[in-house]
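The structure under discussion appears below in the form of structure tokens.
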Amino acid sequence: MNFLRGVMGGQSAGPQHTEIETIQKLCDRVASSTLLDDRRNAVRALKSLSKKYRLEVGIQAMEHLIHVLQTDRSDSEIIGYALDTLYNIISNDEEEEVEENSTRQSGDLGSQFTEIFIKQQENVTLLLSLLEEFDFHVRWPGVKLLTSLLKQLGPQVQQIILVSPMGVSRLMDLLADSREVIRNDGVLLLQALTRSNGAIQKIVAFENAFERLLDIITEEGNSDGGIVVEDCLILLQNLLKNNNSNQNFFKEGSYIQRMKPWFHVGDENSGWSAQKVTNLHVMLQLVRVLVSPTNPPGATSSCQKAMFQCGLLQQLCTILMATGVPADILTETINTVSEVIRGYQVNQDYFASVNAPSNPPRPAIVVLLMSMVNERQPFVLRCAVLYCFQCFLYKNQKGQGEIVSTLLPSTIDATGNSVSAGQLLCGGLFSTDSLSNWCAAVALAHALQENAVQKEQLLRVQLATSIGNPPVSLLQQCTNILSQGSKIQTRVGLLMLLCTWLSNCPIAVTHFLHNSANVPFLTGQIAENLGEEEQLVQGLCALLLGISIYFNDNSLESYMKEKLKQLIEKRIGKENFIEKLGFISKHELYSRASQKPQPNFPSPEYMIFDHEFTKLVKELEGVITKAIYKSSEEDKKEEEVKKTLEQHDSIVTHYKNMIREQDLQLEELKQQISTLKCQNEQLQTAVTQQVSQIQQHKDQYNLLKVQLGKDNQHQGSYSDGTQVNGIQPEEIGRLREEIEELKSNQELLQSQLAEKDSLIENLKSSQASPGTNEQSSATASARDSEQIAELKQELATLKSQLNSQSVEITKLQTEKQELLQKTETFAKSAAAPGESGAGRAAKATDGDSRLLALLQDTNDLKNEIKALSEERTAIKEQLDASNSTIAILQNEKNKLEMDITDSKKEQDDLLVLLADQDQKIFSLKNKLKELGHPVEEEDELESGDQDDEEDEDEDDGKDQGHI
């Protein structure tokens with residue numbers, strides 16, 4: 001505060017003294033006034049002054065405004081004014097400084113006032129609690145104030161909100177507010193809150209932020225929406241970027257599927273507004289956040305899988321091949337597709353199958369490569385195509401083989417109708433544009449990355465340089481162009497291609513060394529003392545020569561490892577060679593290229609190194625240095641060690657294969673054991689069932705045996721016992737079978753007999769012959785006669801009812817005819833009054849008079865009802881008026897009572913002040929007396945007053961005596 005006062009005092013052209021006094025008086029009113037209206041008016045006045053006199057209002061009024069927020073929460077209006085005033089003090093958005101000195105100081109004012117405000121953490125907690133109010137005049141300024149605090153001192157305010165109970169949850173409720181202004185500013189608040197704070201990002205994500213933000217984006221029209229869509233997308237970026245937990249939560253919640261409608265751009269791409277371009281740009285960046293190469297590989301591959309399954313990759317490829325897409329959107333779409341397919345085989349295979357909508361259709365890869373080697377295309381677009389090609393080939397040996405195969409003689413289209421990817425790369429490799437040379441060389445190097453088979457296959461490629469001359473290999477043509485002294489960018493690209501090609505491929509090294517001009521060229525380049533621009537080429541030449549030594553299999557006698565080392569020592573010197581080799585990693589563009597896989601360069605001249613090549617340099621630099629310093633004996637020992645290691649590896653692989661086979665056999669045996677166990681259990685159950693059945697049969701046999709034994713005892717007098725026992729089983733079985741057959745025949749006959757009986761009965765009943773069943777027929781006829789009698793009786797009653805109704809109808813018809821006749825005669829008599837009689841006319845007049853009287857009565861009653869209703873409304877209006885006057889009088893009474901209490905308080909204050917003054921005068925008189933000054937007049941007055949008082953007392957005493 002003292003520092004701020006010093007700043008205020010140091011302003012050369014600050015506010016006048018009157019404004020400072022006004023601010024001071026307003027602050028005093030806010031602090032001391034007991035009336036809410038006075039405080040409210042004072043805060044409103046401070047709000048109006050806070051924009052122009054930001055510093056002075058901030059210094060003098062901040063404490064009072066915070067006190068208002070604490071004490072006057074019941075009044076939303078004063079709370080809103082206080083929040084607006086604090087926002088004007090703290091925010092740097094609406095500064096109106098004029099002088100340079102004040103402009104420089106104002107940059108720090110917001111952060112200084114923010115620091116004062118958050119020094120007491122309770123102030124931020126108070127602000128969070130105010131955001132729970134639904135009143136617009138409280139919630140909206142509160143949101144703006146908290147956003148400004150986060151912009152000024154974000155990390156400190158984030159920490160306070162993080163430790164505040166339910167702090168983040170209160171802010172998340174802003175997204176559900178039905179008022180769009182508060183909802184949109186709530187999105188901006190959450191942007192500032194979630195910036196660079198992983199803990200808050202996780203809390204916001206688990207508070208269902210993804211669902212709400214995606215709903216808002218859908219409501220606003222996806223990519224066709226306004227700036228609100230952009231704000232929501234930026235907030236989603238804050239939540240997902242470098243936050244693996246939130247990325248996994250986003251994927252597991254199936255929110256990737258909801259991103260697909262964002263990229264439905266339609267068939268007609270004419271309506272590309274600036275906001276739509278911005279929205280799509282941020283949407284593509286959000287997709288890239290989920291599949292960034294810096295993410296953990298498992299998380300990236302799962303997101304890539306989800307994007308393919310939901311059709312997002314297909315939608316992006318549609319935009320890629322569409323016409324009329326703006327250049328920056330097309331470039332960003334290529335970069336996005338690149339990272340969606342990078343290292344994921346399924347997506348890479350799909351991308352290889354995509355065709356451009358041309359006639360005849362061409363593969364998308366070929367169309368993109370045409371743009372890459374075309375020097376008229378924008379530089380950023382060519383970089384994006386190169387990145388896409390690199391991502392397509394990353395860990396994709398199948399794709400690498402397809403690209404290399406387009407260069408081989410057996411697959412080249414003899415008709416020349418279609419251009420292949422390999423032909424485009426060769427065309428770019430040997431074109432006059434150095435950027436095309438570099439891009440084609442790097443793209444071809446990626447087709448050979450970590451793929452020894454394709455390195456050997458590429459050695460078969462032959463190029464026809466001119467008519468009449470024999471074809472030249474691709475490897476030889478690269479070295480020929482290298483030796484012709486082209487541009488540095490072209491030479492660097494070719495050297496990177498050769499280094500990638502020869503590394504880990506002894507056959508390619510042999511082919512390279514077979515050309516006797518290559519080694520002298522490299523040693524000559526390395527040995528020369530050239531300028532700084534050529535030092536990089538010298539370092540790459542040293543790397544290529546080192547690769548030729550390290551991966552040399554000594555198949556060429558003239559260029560064995562030892563001879564090449566001796567050549568380096570004589571022509572260059574080992575120390576000089578290692579120094580030149582170190583130029584690569586010391587180059588300023590080397591470290592830049594090693595950071596990210598994407599080739600992101602501001603201009604073509606910065607396009608020197610490739611990301612994957614920097615990894616190769618890091619891997620080989622130390623190995624080549626050791627190889628250069630090794631002696632021949634060490635090389636022999638190393639070769640022997642390598643041989644033993646290879647033998648050891650072969651033995652290990654042999655045993656590994658044996659172990660694998662044994663594991664397979666064990667698995668098969670385990671499966672067989674499990675199946676045999678199942679069969680054994682089934683057989684055991686079958687055996688137990690059969691044993692139980694055998695036991696049952698035995699029991700039955702024993703029982704029958706006992707029964708037959710008893711029968712035989714009864715029949716023993718007729719035959720010998722031994723003979724009966726001898727024929728017993730066969731006889732019994734035969735007899736039992738015969739008995740069973742007889743029983744079954746008997747049952748069959750009985751069933752047939754029953755069926756025939758039933759048929760006979762049916763026929764008898766149908767014929768109803770009088771001779772049979774007389775009793776049953778008699779009962780049936782009696783029952784039928786009773787029913788017929790009942791039906792006849794009902795018919796008679798219905799006929800009588802019908803007759804009576806017909807009689808009534810005829811009566812009514814006759815009455816109707818009579819009435820019609822009477823009315824006709826009445827009409828005739830009315831038409832000819834002379835013919836009618838006097839009595840009939842009198843009756844008619846009487847009826848008319850009665851009718852008129854009745855009508856008059858009804859009209860009178862209606863008038864009375866109307867008058868009564870009018871009187872009722874008038875009385876009601878008078879009652880409302882009296883109620884309003886009563887309310888007005890009550891308000892006036894309350895105001896008067898408040899004025900009376902205020903006047904009483906003022907009177908009491910005056911009395912207290914008078915008492916204090918009397919006391920002060922009395923003390924001053926005493927001091928004057930002590931100092932010896934005369935105080936005559938006042939003493940006399942006082943004595944006169946005392947005498948008067950004594951006289952009055954005497955008079956009072958006399959009066960009492962008289963009484």
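For the structure tokens, the naming scheme is as follows: chains receive sequential letters (A, B, ...) according to their order of presentation, residues are indexed from 1 within each chain, and ligands are indexed from 1 in presentation order.
Counting only C-alpha atoms, Glu534 (chain A) has the following residues at most 12 Å away, ignoring those fewer than 2 positions along the same chain: Gly485, Ser486, Lys487, Ile488, Gln489, Arg491, Val492, Gln525, Ile526, Ala527, Glu528, Asn529, Leu530, Gly531, Glu532, Leu536, Val537, Gln538, Gly539, Leu540, Cys541, Lys580, Phe583, Ile584 and His587 of chain A.
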For the residues in that selection, give me N, CA, C and O atoms as a short mmCIF file (atom, residue, chain, number, x, y, z; two decimals), in the first residue's frame.
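Ended up saving to out.cif:
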```cif
data_model
loop_
_atom_site.label_atom_id
_atom_site.label_comp_id
_atom_site.auth_asym_id
_atom_site.auth_seq_id
_atom_site.Cartn_x
_atom_site.Cartn_y
_atom_site.Cartn_z
N GLY A 485 28.89 -31.20 -57.10
CA GLY A 485 28.96 -29.92 -56.39
C GLY A 485 27.69 -29.11 -56.50
O GLY A 485 27.72 -27.92 -56.85
N SER A 486 26.53 -29.70 -56.22
CA SER A 486 25.25 -29.00 -56.26
C SER A 486 25.07 -28.18 -54.99
O SER A 486 25.99 -28.01 -54.20
N LYS A 487 23.81 -27.70 -54.77
CA LYS A 487 23.53 -26.88 -53.59
C LYS A 487 23.70 -27.69 -52.31
O LYS A 487 23.57 -28.91 -52.31
N ILE A 488 23.94 -26.96 -51.22
CA ILE A 488 24.19 -27.61 -49.93
C ILE A 488 22.97 -28.43 -49.51
O ILE A 488 23.10 -29.56 -49.02
N GLN A 489 21.75 -27.88 -49.71
CA GLN A 489 20.54 -28.59 -49.29
C GLN A 489 20.40 -29.93 -50.04
O GLN A 489 20.04 -30.95 -49.44
N ARG A 491 22.92 -31.69 -51.39
CA ARG A 491 23.98 -32.60 -50.95
C ARG A 491 23.69 -33.17 -49.56
O ARG A 491 23.93 -34.36 -49.32
N VAL A 492 23.17 -32.34 -48.68
CA VAL A 492 22.82 -32.83 -47.33
C VAL A 492 21.75 -33.91 -47.43
O VAL A 492 21.82 -34.95 -46.76
N GLN A 525 36.79 -34.43 -49.60
CA GLN A 525 35.85 -33.48 -48.98
C GLN A 525 36.18 -33.24 -47.51
O GLN A 525 36.14 -32.11 -47.03
N ILE A 526 36.53 -34.33 -46.81
CA ILE A 526 36.80 -34.19 -45.36
C ILE A 526 38.11 -33.47 -45.12
O ILE A 526 38.24 -32.67 -44.18
N ALA A 527 39.14 -33.71 -45.96
CA ALA A 527 40.48 -33.16 -45.71
C ALA A 527 40.56 -31.68 -46.01
O ALA A 527 41.43 -30.97 -45.44
N GLU A 528 39.69 -31.14 -46.87
CA GLU A 528 39.80 -29.73 -47.26
C GLU A 528 39.38 -28.83 -46.10
O GLU A 528 38.53 -29.17 -45.28
N ASN A 529 39.97 -27.63 -46.08
CA ASN A 529 39.60 -26.61 -45.10
C ASN A 529 38.63 -25.64 -45.78
O ASN A 529 39.05 -24.70 -46.48
N LEU A 530 37.38 -25.88 -45.61
CA LEU A 530 36.35 -25.08 -46.27
C LEU A 530 35.69 -24.15 -45.25
O LEU A 530 35.98 -24.18 -44.05
N GLY A 531 34.74 -23.32 -45.73
CA GLY A 531 34.06 -22.37 -44.85
C GLY A 531 33.05 -23.05 -43.94
O GLY A 531 32.85 -24.27 -43.98
N GLU A 532 32.38 -22.22 -43.14
CA GLU A 532 31.41 -22.76 -42.15
C GLU A 532 30.24 -23.44 -42.85
O GLU A 532 29.67 -24.38 -42.31
N LEU A 536 29.18 -28.64 -42.46
CA LEU A 536 28.13 -29.65 -42.26
C LEU A 536 28.27 -30.77 -43.29
O LEU A 536 28.14 -31.95 -42.95
N VAL A 537 28.56 -30.42 -44.56
CA VAL A 537 28.77 -31.43 -45.59
C VAL A 537 29.98 -32.29 -45.26
O VAL A 537 29.96 -33.52 -45.44
N GLN A 538 31.04 -31.65 -44.72
CA GLN A 538 32.22 -32.42 -44.31
C GLN A 538 31.87 -33.41 -43.20
O GLN A 538 32.32 -34.56 -43.21
N GLY A 539 31.08 -32.98 -42.22
CA GLY A 539 30.69 -33.88 -41.14
C GLY A 539 29.88 -35.06 -41.65
O GLY A 539 30.07 -36.21 -41.21
N LEU A 540 28.97 -34.81 -42.61
CA LEU A 540 28.16 -35.91 -43.16
C LEU A 540 29.01 -36.86 -44.00
O LEU A 540 28.77 -38.07 -44.01
N CYS A 541 29.99 -36.31 -44.70
CA CYS A 541 30.91 -37.17 -45.45
C CYS A 541 31.72 -38.05 -44.49
O CYS A 541 31.96 -39.24 -44.76
N LYS A 580 35.63 -33.35 -37.48
CA LYS A 580 34.67 -33.10 -38.56
C LYS A 580 33.38 -33.88 -38.32
O LYS A 580 32.28 -33.39 -38.63
N PHE A 583 30.91 -32.05 -36.15
CA PHE A 583 30.22 -30.86 -36.67
C PHE A 583 28.71 -31.08 -36.80
O PHE A 583 27.93 -30.14 -36.73
N ILE A 584 28.30 -32.33 -36.99
CA ILE A 584 26.87 -32.60 -37.22
C ILE A 584 26.06 -32.27 -35.97
O ILE A 584 25.10 -31.49 -36.00
N HIS A 587 25.70 -28.58 -34.83
CA HIS A 587 24.99 -27.62 -35.67
C HIS A 587 23.71 -27.17 -34.96
O HIS A 587 23.03 -27.96 -34.30
#
```
Residues within 9 Å of Ile319 (chain A), please, as a PyMOL selection string. Count only C-alpha atoms; anything in the same chain fewer than 2 positions from it doesn't count. chain A and resi 263-265+314-317+321-323+325+330+333
Show me, as a count of residues only, the residues that have an atom within 10 Å of Ser594 (chain A) when counting only C-alpha atoms, minus same-chain residues fewer than 6 positions from it. 9
I need the residue nearest Gly401 (chain A) from this list: A:Met370, A:Lys455, A:Ile334, A:Lys893. Use only C-alpha atoms for the distance.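 Answer, going by the shortest atom-to-atom distance: A:Lys455.
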If you run DSSP on the backbone here, which positions in region 127-322 of chain A get alpha helix (DSSP H)? Please write them as number ranges by chain. A: 127-130, 136-152, 154-163, 167-172, 180-194, 198-206, 209-219, 227-240, 244-252, 274-290, 297-309, 312-321
Please provide the set of residues having any atom within 8 Å of region 423-437 of chain A, restricted to only C-alpha atoms, with same-chain residues fewer than 4 positions apart removed, written as a ChimeraX atom specification. /A:366,369-370,372-375,406-407,419,441,443-444,487,489-490,493-494,604
Next, the residues of the selection above should be written as a PDB file, in the first residue's frame with N, CA, C and O atoms.
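Now in again.pdb:
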```
ATOM      1  N   VAL A 366       0.077 -40.881 -53.962  1.00  0.00           N
ATOM      2  CA  VAL A 366       0.662 -40.359 -55.204  1.00  0.00           C
ATOM      3  C   VAL A 366       0.287 -38.898 -55.399  1.00  0.00           C
ATOM      4  O   VAL A 366       1.121 -38.060 -55.768  1.00  0.00           O
ATOM      5  N   LEU A 369       2.338 -36.807 -53.007  1.00  0.00           N
ATOM      6  CA  LEU A 369       3.740 -36.713 -53.416  1.00  0.00           C
ATOM      7  C   LEU A 369       3.910 -35.767 -54.612  1.00  0.00           C
ATOM      8  O   LEU A 369       4.945 -35.112 -54.747  1.00  0.00           O
ATOM      9  N   MET A 370       2.904 -35.695 -55.463  1.00  0.00           N
ATOM     10  CA  MET A 370       2.954 -34.717 -56.558  1.00  0.00           C
ATOM     11  C   MET A 370       3.055 -33.298 -56.020  1.00  0.00           C
ATOM     12  O   MET A 370       3.789 -32.459 -56.560  1.00  0.00           O
ATOM     13  N   MET A 372       4.320 -32.540 -53.101  1.00  0.00           N
ATOM     14  CA  MET A 372       5.588 -32.384 -52.384  1.00  0.00           C
ATOM     15  C   MET A 372       6.731 -32.027 -53.331  1.00  0.00           C
ATOM     16  O   MET A 372       7.599 -31.199 -52.994  1.00  0.00           O
ATOM     17  N   VAL A 373       6.776 -32.630 -54.503  1.00  0.00           N
ATOM     18  CA  VAL A 373       7.888 -32.381 -55.429  1.00  0.00           C
ATOM     19  C   VAL A 373       7.574 -31.255 -56.403  1.00  0.00           C
ATOM     20  O   VAL A 373       8.363 -30.991 -57.317  1.00  0.00           O
ATOM     21  N   ASN A 374       6.437 -30.574 -56.218  1.00  0.00           N
ATOM     22  CA  ASN A 374       6.067 -29.448 -57.076  1.00  0.00           C
ATOM     23  C   ASN A 374       6.505 -28.160 -56.396  1.00  0.00           C
ATOM     24  O   ASN A 374       5.987 -27.787 -55.342  1.00  0.00           O
ATOM     25  N   GLU A 375       7.449 -27.465 -57.003  1.00  0.00           N
ATOM     26  CA  GLU A 375       8.013 -26.272 -56.353  1.00  0.00           C
ATOM     27  C   GLU A 375       7.040 -25.107 -56.335  1.00  0.00           C
ATOM     28  O   GLU A 375       7.275 -24.125 -55.630  1.00  0.00           O
ATOM     29  N   THR A 406       7.670 -50.090 -56.239  1.00  0.00           N
ATOM     30  CA  THR A 406       7.298 -49.268 -57.401  1.00  0.00           C
ATOM     31  C   THR A 406       8.513 -48.801 -58.195  1.00  0.00           C
ATOM     32  O   THR A 406       8.351 -48.274 -59.302  1.00  0.00           O
ATOM     33  N   LEU A 407       9.730 -48.962 -57.624  1.00  0.00           N
ATOM     34  CA  LEU A 407      10.958 -48.595 -58.328  1.00  0.00           C
ATOM     35  C   LEU A 407      11.612 -49.775 -59.025  1.00  0.00           C
ATOM     36  O   LEU A 407      12.511 -49.587 -59.844  1.00  0.00           O
ATOM     37  N   VAL A 419       1.629 -42.737 -62.924  1.00  0.00           N
ATOM     38  CA  VAL A 419       2.889 -42.397 -62.255  1.00  0.00           C
ATOM     39  C   VAL A 419       2.859 -43.027 -60.874  1.00  0.00           C
ATOM     40  O   VAL A 419       1.881 -42.905 -60.141  1.00  0.00           O
ATOM     41  N   ALA A 441      14.786 -37.164 -50.990  1.00  0.00           N
ATOM     42  CA  ALA A 441      15.833 -37.962 -50.347  1.00  0.00           C
ATOM     43  C   ALA A 441      15.403 -38.422 -48.961  1.00  0.00           C
ATOM     44  O   ALA A 441      15.584 -39.586 -48.582  1.00  0.00           O
ATOM     45  N   ALA A 443      12.274 -38.680 -47.855  1.00  0.00           N
ATOM     46  CA  ALA A 443      11.158 -39.625 -48.000  1.00  0.00           C
ATOM     47  C   ALA A 443      11.664 -41.012 -48.368  1.00  0.00           C
ATOM     48  O   ALA A 443      11.205 -42.034 -47.818  1.00  0.00           O
ATOM     49  N   LEU A 444      12.645 -41.082 -49.272  1.00  0.00           N
ATOM     50  CA  LEU A 444      13.200 -42.372 -49.659  1.00  0.00           C
ATOM     51  C   LEU A 444      13.975 -43.003 -48.514  1.00  0.00           C
ATOM     52  O   LEU A 444      13.962 -44.239 -48.345  1.00  0.00           O
ATOM     53  N   LYS A 487      23.814 -27.701 -54.769  1.00  0.00           N
ATOM     54  CA  LYS A 487      23.525 -26.877 -53.591  1.00  0.00           C
ATOM     55  C   LYS A 487      23.696 -27.688 -52.309  1.00  0.00           C
ATOM     56  O   LYS A 487      23.574 -28.912 -52.311  1.00  0.00           O
ATOM     57  N   GLN A 489      21.750 -27.884 -49.708  1.00  0.00           N
ATOM     58  CA  GLN A 489      20.536 -28.591 -49.293  1.00  0.00           C
ATOM     59  C   GLN A 489      20.398 -29.926 -50.036  1.00  0.00           C
ATOM     60  O   GLN A 489      20.044 -30.950 -49.445  1.00  0.00           O
ATOM     61  N   THR A 490      20.735 -29.927 -51.331  1.00  0.00           N
ATOM     62  CA  THR A 490      20.674 -31.158 -52.122  1.00  0.00           C
ATOM     63  C   THR A 490      21.708 -32.161 -51.634  1.00  0.00           C
ATOM     64  O   THR A 490      21.404 -33.359 -51.453  1.00  0.00           O
ATOM     65  N   GLY A 493      20.728 -33.680 -48.261  1.00  0.00           N
ATOM     66  CA  GLY A 493      19.683 -34.680 -48.419  1.00  0.00           C
ATOM     67  C   GLY A 493      20.211 -35.993 -48.961  1.00  0.00           C
ATOM     68  O   GLY A 493      19.867 -37.079 -48.463  1.00  0.00           O
ATOM     69  N   LEU A 494      21.086 -35.928 -49.986  1.00  0.00           N
ATOM     70  CA  LEU A 494      21.651 -37.151 -50.554  1.00  0.00           C
ATOM     71  C   LEU A 494      22.551 -37.880 -49.564  1.00  0.00           C
ATOM     72  O   LEU A 494      22.532 -39.112 -49.481  1.00  0.00           O
ATOM     73  N   PRO A 604      12.510 -22.447 -46.269  1.00  0.00           N
ATOM     74  CA  PRO A 604      13.194 -23.607 -46.858  1.00  0.00           C
ATOM     75  C   PRO A 604      14.673 -23.724 -46.497  1.00  0.00           C
ATOM     76  O   PRO A 604      15.191 -24.838 -46.415  1.00  0.00           O
TER      77      PRO A 604
END
```
In Å, rounded to a single decimal, give me how far CA of Val57 (chain A) is from CA of Ile89 (chain A). 7.4 Å
